[in-house]
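Structure file run.txt (compact mmCIF, N, CA and C atoms) follows.
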```txt
# COMPACT_ATOMS: atom_id res chain seq x y z
N MET A 19 259.32 -72.84 206.15
CA MET A 19 258.31 -73.78 206.58
C MET A 19 258.50 -75.08 205.80
N ASN A 20 258.47 -76.21 206.49
CA ASN A 20 258.67 -77.52 205.86
C ASN A 20 257.36 -78.19 205.49
N THR A 21 256.31 -77.45 205.35
CA THR A 21 255.00 -78.01 205.05
C THR A 21 254.89 -78.32 203.57
N GLU A 22 254.43 -79.53 203.29
CA GLU A 22 254.16 -79.93 201.92
C GLU A 22 252.66 -80.18 201.80
N TRP A 23 252.04 -79.64 200.77
CA TRP A 23 250.64 -79.87 200.52
C TRP A 23 250.49 -80.88 199.40
N ILE A 24 249.45 -81.69 199.53
CA ILE A 24 249.13 -82.69 198.52
C ILE A 24 247.66 -82.50 198.14
N LEU A 25 247.42 -82.28 196.86
CA LEU A 25 246.06 -82.12 196.35
C LEU A 25 245.71 -83.35 195.53
N VAL A 26 244.65 -84.03 195.94
CA VAL A 26 244.14 -85.19 195.21
C VAL A 26 242.76 -84.76 194.70
N ALA A 27 242.61 -84.71 193.37
CA ALA A 27 241.40 -84.10 192.83
C ALA A 27 240.89 -84.78 191.57
N ASN A 28 239.59 -84.64 191.37
CA ASN A 28 238.96 -84.94 190.09
C ASN A 28 237.96 -83.82 189.82
N ALA A 29 237.14 -83.96 188.82
CA ALA A 29 236.25 -82.87 188.42
C ALA A 29 235.11 -82.62 189.41
N ALA A 30 234.90 -83.52 190.37
CA ALA A 30 233.78 -83.36 191.29
C ALA A 30 234.20 -83.14 192.74
N ARG A 31 235.39 -83.59 193.13
CA ARG A 31 235.81 -83.42 194.52
C ARG A 31 237.32 -83.38 194.61
N ALA A 32 237.78 -82.79 195.70
CA ALA A 32 239.23 -82.70 195.92
C ALA A 32 239.48 -82.74 197.42
N ARG A 33 240.65 -83.26 197.75
CA ARG A 33 241.10 -83.27 199.14
C ARG A 33 242.48 -82.64 199.19
N LEU A 34 242.64 -81.74 200.13
CA LEU A 34 243.92 -81.08 200.34
C LEU A 34 244.51 -81.62 201.63
N LEU A 35 245.68 -82.22 201.52
CA LEU A 35 246.36 -82.83 202.66
C LEU A 35 247.63 -82.08 202.98
N GLN A 36 248.02 -82.14 204.23
CA GLN A 36 249.27 -81.50 204.66
C GLN A 36 250.19 -82.58 205.20
N GLN A 37 251.45 -82.49 204.78
CA GLN A 37 252.46 -83.43 205.27
C GLN A 37 253.62 -82.65 205.86
N ARG A 38 253.95 -82.99 207.09
CA ARG A 38 255.11 -82.41 207.77
C ARG A 38 256.04 -83.55 208.15
N PRO A 39 257.32 -83.26 208.26
CA PRO A 39 258.27 -84.32 208.61
C PRO A 39 257.89 -85.02 209.92
N CYS A 40 257.93 -86.34 209.88
CA CYS A 40 257.69 -87.20 211.06
C CYS A 40 256.27 -87.10 211.63
N LEU A 41 255.32 -86.58 210.86
CA LEU A 41 253.94 -86.50 211.30
C LEU A 41 253.03 -87.17 210.27
N PRO A 42 251.89 -87.70 210.70
CA PRO A 42 250.97 -88.30 209.72
C PRO A 42 250.32 -87.23 208.85
N LEU A 43 249.76 -87.67 207.71
CA LEU A 43 249.04 -86.76 206.83
C LEU A 43 247.85 -86.16 207.56
N LEU A 44 247.59 -84.91 207.29
CA LEU A 44 246.49 -84.19 207.92
C LEU A 44 245.58 -83.64 206.82
N LEU A 45 244.30 -83.94 206.92
CA LEU A 45 243.33 -83.40 205.96
C LEU A 45 243.07 -81.94 206.30
N LEU A 46 243.46 -81.05 205.40
CA LEU A 46 243.26 -79.61 205.62
C LEU A 46 241.87 -79.16 205.17
N GLN A 47 241.48 -79.64 203.99
CA GLN A 47 240.22 -79.17 203.43
C GLN A 47 239.69 -80.19 202.43
N HIS A 48 238.38 -80.26 202.39
CA HIS A 48 237.68 -81.12 201.43
C HIS A 48 236.83 -80.19 200.55
N PHE A 49 236.97 -80.32 199.25
CA PHE A 49 236.22 -79.49 198.29
C PHE A 49 235.26 -80.40 197.54
N GLU A 50 234.06 -79.90 197.28
CA GLU A 50 233.09 -80.64 196.47
C GLU A 50 232.49 -79.71 195.44
N HIS A 51 232.21 -80.28 194.28
CA HIS A 51 231.56 -79.55 193.19
C HIS A 51 230.44 -80.45 192.65
N PRO A 52 229.28 -80.46 193.30
CA PRO A 52 228.22 -81.41 192.93
C PRO A 52 227.69 -81.23 191.52
N GLN A 53 227.82 -80.04 190.94
CA GLN A 53 227.32 -79.82 189.58
C GLN A 53 228.04 -80.73 188.57
N SER A 54 229.26 -81.12 188.86
CA SER A 54 230.01 -81.97 187.94
C SER A 54 229.42 -83.37 187.86
N ARG A 55 228.60 -83.73 188.83
CA ARG A 55 227.99 -85.06 188.85
C ARG A 55 226.61 -85.11 188.20
N LEU A 56 226.05 -83.96 187.87
CA LEU A 56 224.72 -83.93 187.27
C LEU A 56 224.75 -84.47 185.84
N HIS A 57 223.59 -84.94 185.39
CA HIS A 57 223.48 -85.38 184.01
C HIS A 57 223.59 -84.17 183.08
N ALA A 58 224.08 -84.41 181.89
CA ALA A 58 224.29 -83.32 180.93
C ALA A 58 223.01 -82.55 180.67
N GLY A 59 221.88 -83.24 180.62
CA GLY A 59 220.60 -82.58 180.38
C GLY A 59 220.22 -81.59 181.45
N ALA A 60 220.65 -81.84 182.67
CA ALA A 60 220.35 -80.93 183.77
C ALA A 60 221.25 -79.70 183.76
N LEU A 61 222.37 -79.80 183.07
CA LEU A 61 223.33 -78.70 183.02
C LEU A 61 223.14 -77.78 181.82
N ALA A 62 222.57 -78.31 180.74
CA ALA A 62 222.50 -77.55 179.48
C ALA A 62 221.08 -77.04 179.25
N ASP A 63 220.99 -76.03 178.40
CA ASP A 63 219.68 -75.52 178.03
C ASP A 63 219.14 -76.31 176.83
N ASP A 64 217.88 -76.07 176.49
CA ASP A 64 217.23 -76.84 175.43
C ASP A 64 217.73 -76.49 174.04
N GLN A 65 218.12 -75.27 173.80
CA GLN A 65 218.48 -74.81 172.47
C GLN A 65 219.99 -74.74 172.25
N GLN A 66 220.71 -75.64 172.86
CA GLN A 66 222.16 -75.62 172.75
C GLN A 66 222.59 -75.75 171.28
N GLY A 67 223.47 -74.86 170.87
CA GLY A 67 224.04 -74.96 169.53
C GLY A 67 223.24 -74.27 168.45
N ARG A 68 222.13 -73.63 168.75
CA ARG A 68 221.31 -72.99 167.72
C ARG A 68 221.10 -71.52 168.08
N ARG A 69 221.15 -70.69 167.07
CA ARG A 69 220.83 -69.28 167.27
C ARG A 69 220.31 -68.73 165.95
N ALA A 70 219.60 -67.64 166.02
CA ALA A 70 219.04 -67.04 164.81
C ALA A 70 220.14 -66.45 163.95
N SER A 71 219.93 -66.49 162.66
CA SER A 71 220.89 -65.93 161.72
C SER A 71 220.19 -64.89 160.86
N ASP A 72 220.90 -63.87 160.46
CA ASP A 72 220.31 -62.84 159.61
C ASP A 72 220.59 -63.09 158.13
N GLN A 73 220.87 -64.34 157.78
CA GLN A 73 221.25 -64.66 156.41
C GLN A 73 220.07 -64.94 155.50
N GLY A 74 218.89 -64.86 156.02
CA GLY A 74 217.74 -65.07 155.14
C GLY A 74 216.56 -65.63 155.91
N PHE A 75 215.49 -65.90 155.16
CA PHE A 75 214.26 -66.39 155.76
C PHE A 75 214.46 -67.78 156.36
N GLY A 76 214.19 -67.89 157.66
CA GLY A 76 214.24 -69.20 158.33
C GLY A 76 215.64 -69.76 158.53
N ALA A 77 216.65 -68.95 158.33
CA ALA A 77 218.02 -69.46 158.46
C ALA A 77 218.40 -69.61 159.93
N VAL A 78 219.14 -70.65 160.20
CA VAL A 78 219.62 -70.93 161.55
C VAL A 78 221.11 -71.20 161.48
N ALA A 79 221.84 -70.56 162.31
CA ALA A 79 223.29 -70.80 162.37
C ALA A 79 223.59 -71.72 163.54
N LEU A 80 224.51 -72.63 163.34
CA LEU A 80 224.90 -73.53 164.41
C LEU A 80 226.21 -73.05 165.03
N THR A 81 226.25 -73.06 166.34
CA THR A 81 227.49 -72.71 167.04
C THR A 81 228.15 -74.00 167.51
N ALA A 82 229.39 -73.90 167.83
CA ALA A 82 230.12 -75.08 168.29
C ALA A 82 229.50 -75.59 169.58
N ARG A 83 229.39 -76.91 169.66
CA ARG A 83 228.84 -77.51 170.88
C ARG A 83 229.85 -77.40 172.01
N SER A 84 229.34 -77.19 173.20
CA SER A 84 230.20 -77.15 174.37
C SER A 84 229.70 -78.22 175.35
N ASP A 85 230.61 -78.96 175.88
CA ASP A 85 230.29 -80.03 176.81
C ASP A 85 230.00 -79.43 178.18
N PRO A 86 228.79 -79.61 178.71
CA PRO A 86 228.46 -79.02 180.01
C PRO A 86 229.32 -79.57 181.15
N HIS A 87 229.72 -80.83 181.07
CA HIS A 87 230.58 -81.38 182.11
C HIS A 87 231.96 -80.74 182.08
N ARG A 88 232.44 -80.45 180.89
CA ARG A 88 233.75 -79.78 180.78
C ARG A 88 233.69 -78.37 181.37
N LYS A 89 232.57 -77.69 181.14
CA LYS A 89 232.41 -76.35 181.72
C LYS A 89 232.44 -76.41 183.25
N GLN A 90 231.77 -77.41 183.82
CA GLN A 90 231.75 -77.53 185.27
C GLN A 90 233.14 -77.90 185.81
N ALA A 91 233.85 -78.78 185.11
CA ALA A 91 235.20 -79.14 185.52
C ALA A 91 236.12 -77.92 185.45
N GLU A 92 235.94 -77.11 184.41
CA GLU A 92 236.73 -75.88 184.26
C GLU A 92 236.46 -74.93 185.43
N GLN A 93 235.21 -74.80 185.82
CA GLN A 93 234.85 -73.91 186.93
C GLN A 93 235.47 -74.42 188.24
N PHE A 94 235.39 -75.73 188.47
CA PHE A 94 235.95 -76.29 189.70
C PHE A 94 237.47 -76.16 189.72
N ALA A 95 238.11 -76.38 188.58
CA ALA A 95 239.57 -76.21 188.50
C ALA A 95 239.96 -74.77 188.79
N GLN A 96 239.16 -73.84 188.32
CA GLN A 96 239.44 -72.43 188.59
C GLN A 96 239.31 -72.11 190.08
N GLU A 97 238.30 -72.67 190.73
CA GLU A 97 238.12 -72.45 192.17
C GLU A 97 239.30 -73.02 192.96
N LEU A 98 239.70 -74.25 192.63
CA LEU A 98 240.82 -74.88 193.33
C LEU A 98 242.11 -74.10 193.09
N SER A 99 242.34 -73.71 191.86
CA SER A 99 243.55 -72.97 191.52
C SER A 99 243.62 -71.64 192.26
N HIS A 100 242.48 -70.99 192.36
CA HIS A 100 242.43 -69.71 193.08
C HIS A 100 242.80 -69.93 194.56
N PHE A 101 242.27 -70.97 195.17
CA PHE A 101 242.58 -71.27 196.56
C PHE A 101 244.08 -71.55 196.74
N ILE A 102 244.63 -72.38 195.87
CA ILE A 102 246.06 -72.73 195.93
C ILE A 102 246.93 -71.50 195.71
N GLU A 103 246.54 -70.68 194.75
CA GLU A 103 247.30 -69.47 194.44
C GLU A 103 247.35 -68.52 195.64
N GLN A 104 246.23 -68.34 196.30
CA GLN A 104 246.21 -67.47 197.49
C GLN A 104 247.09 -68.03 198.59
N ALA A 105 247.03 -69.34 198.82
CA ALA A 105 247.85 -69.96 199.85
C ALA A 105 249.33 -69.85 199.51
N ALA A 106 249.67 -69.96 198.25
CA ALA A 106 251.07 -69.83 197.82
C ALA A 106 251.58 -68.41 198.06
N GLN A 107 250.75 -67.43 197.76
CA GLN A 107 251.14 -66.04 197.97
C GLN A 107 251.34 -65.73 199.45
N GLN A 108 250.62 -66.42 200.31
CA GLN A 108 250.74 -66.21 201.75
C GLN A 108 251.82 -67.09 202.37
N GLY A 109 252.46 -67.93 201.56
CA GLY A 109 253.55 -68.77 202.04
C GLY A 109 253.11 -69.89 202.97
N GLU A 110 251.92 -70.42 202.76
CA GLU A 110 251.39 -71.45 203.65
C GLU A 110 252.01 -72.83 203.42
N PHE A 111 252.69 -73.04 202.31
CA PHE A 111 253.32 -74.33 202.05
C PHE A 111 254.62 -74.13 201.30
N ARG A 112 255.49 -75.12 201.44
CA ARG A 112 256.79 -75.09 200.77
C ARG A 112 256.70 -75.69 199.37
N SER A 113 255.97 -76.80 199.26
CA SER A 113 255.82 -77.45 197.96
C SER A 113 254.41 -78.04 197.85
N LEU A 114 254.03 -78.31 196.62
CA LEU A 114 252.69 -78.83 196.33
C LEU A 114 252.82 -80.01 195.38
N LYS A 115 252.18 -81.11 195.72
CA LYS A 115 252.06 -82.26 194.82
C LYS A 115 250.60 -82.38 194.44
N VAL A 116 250.36 -82.60 193.15
CA VAL A 116 248.99 -82.71 192.67
C VAL A 116 248.81 -84.07 192.02
N PHE A 117 247.77 -84.77 192.44
CA PHE A 117 247.39 -86.05 191.86
C PHE A 117 246.00 -85.89 191.26
N ALA A 118 245.93 -85.95 189.94
CA ALA A 118 244.65 -85.77 189.24
C ALA A 118 244.73 -86.46 187.89
N ALA A 119 243.58 -86.75 187.34
CA ALA A 119 243.52 -87.31 185.99
C ALA A 119 244.11 -86.31 185.01
N PRO A 120 244.74 -86.77 183.93
CA PRO A 120 245.41 -85.84 183.01
C PRO A 120 244.54 -84.70 182.50
N ARG A 121 243.29 -84.97 182.18
CA ARG A 121 242.41 -83.92 181.65
C ARG A 121 242.14 -82.84 182.70
N PHE A 122 241.89 -83.26 183.94
CA PHE A 122 241.63 -82.29 185.00
C PHE A 122 242.91 -81.58 185.41
N LEU A 123 244.02 -82.29 185.39
CA LEU A 123 245.31 -81.68 185.71
C LEU A 123 245.64 -80.55 184.73
N SER A 124 245.32 -80.76 183.46
CA SER A 124 245.59 -79.69 182.47
C SER A 124 244.72 -78.46 182.76
N LEU A 125 243.50 -78.67 183.24
CA LEU A 125 242.64 -77.52 183.60
C LEU A 125 243.21 -76.79 184.80
N LEU A 126 243.71 -77.52 185.78
CA LEU A 126 244.33 -76.89 186.95
C LEU A 126 245.55 -76.07 186.54
N ARG A 127 246.39 -76.64 185.69
CA ARG A 127 247.60 -75.94 185.24
C ARG A 127 247.25 -74.67 184.48
N ARG A 128 246.19 -74.71 183.72
CA ARG A 128 245.80 -73.55 182.92
C ARG A 128 245.44 -72.36 183.83
N HIS A 129 244.88 -72.65 184.99
CA HIS A 129 244.41 -71.58 185.87
C HIS A 129 245.42 -71.18 186.94
N CYS A 130 246.41 -72.00 187.19
CA CYS A 130 247.40 -71.68 188.23
C CYS A 130 248.39 -70.65 187.72
N GLY A 131 248.78 -69.77 188.61
CA GLY A 131 249.78 -68.76 188.29
C GLY A 131 251.18 -69.28 188.58
N ARG A 132 252.14 -68.38 188.58
CA ARG A 132 253.52 -68.76 188.80
C ARG A 132 253.82 -69.13 190.25
N ASN A 133 253.04 -68.64 191.20
CA ASN A 133 253.32 -68.88 192.62
C ASN A 133 252.96 -70.28 193.07
N ALA A 134 252.08 -70.95 192.37
CA ALA A 134 251.63 -72.27 192.81
C ALA A 134 252.37 -73.37 192.08
```
As structure tokens:
Amino acid sequence: MNTEWILVANAARARLLQQRPCLPLLLLQHFEHPQSRLHAGALADDQQGRRASDQGFGAVALTARSDPHRKQAEQFAQELSHFIEQAAQQGEFRSLKVFAAPRFLSLLRRHCGRNA
């Protein structure tokens, strides 16, 4: 199959295009992840980074902060990677080009298997 797929993505939306020889680009699928656009306060809980400690009276231990937007981008990258991986296993495309910001591209690469 001479089909080439092109994925143009960021942390909130992605477009999957198909290119065949001598034919115009065709939009195969549009993905959206609206949670990536929410404010950090809407994504995180109130007690982020704090938990009880058994080290003594009134002690509180701090855990490493996690960026809620990064968590959402990670989840979206995992969803996209899973979709691409399944299509690769089914032989739906010959090659894949990905256009994404470096940070999001690294998340996609982390979740993609050998077939994609």
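Atom pair atom C of Trp23 (chain A) / atom N of Phe49 (chain A) has a distance of 13.5 Å (rounded to one decimal).
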What does the structure give for the distance between CA of Arg127 (chain A) and CA of Leu43 (chain A), in Å to one decimal?
24.2 Å
Spatial neighbours of Arg112 (chain A), max dist 6.5 Å, all atoms listed in the file, sep filter under 2 positions, as a PyMOL selection string:
chain A and resi 19-23+109-110+114
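The two atoms in question, atom C of Ile24 (chain A) and atom C of Ala95 (chain A), are spaced 14.4 Å apart.
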8 Å contact set for Leu98 (chain A), all atoms listed in the file, chain neighbours under 6 positions out, as a list in words
Glu92, Gln104, Leu126, His129 and Cys130 of chain A
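Among the candidates A:Leu45, A:Ala91, A:Ala106, A:Gln96, the residue lying nearest to Asn28 (chain A) is A:Ala91 (atoms considered: all atoms listed in the file).
With only C-alpha atoms as the atoms that count, the residue of A:Leu46, A:Leu125, A:Ile102, A:Leu34 with the shortest distance to Gln90 (chain A) is A:Leu125.
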Pick out the residues sitting within 9 Å of Ala32 (chain A), and hand them over as a ChimeraX atom specification; count only C-alpha atoms, and ignore anything fewer than 6 positions along from it in its own chain.
/A:25-26,47-51,98
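Distances here use only C-alpha atoms; by that measure, the residue among A:Ala119, A:Ala29, A:Leu35, A:Leu41 closest to Phe94 (chain A) is A:Ala29.
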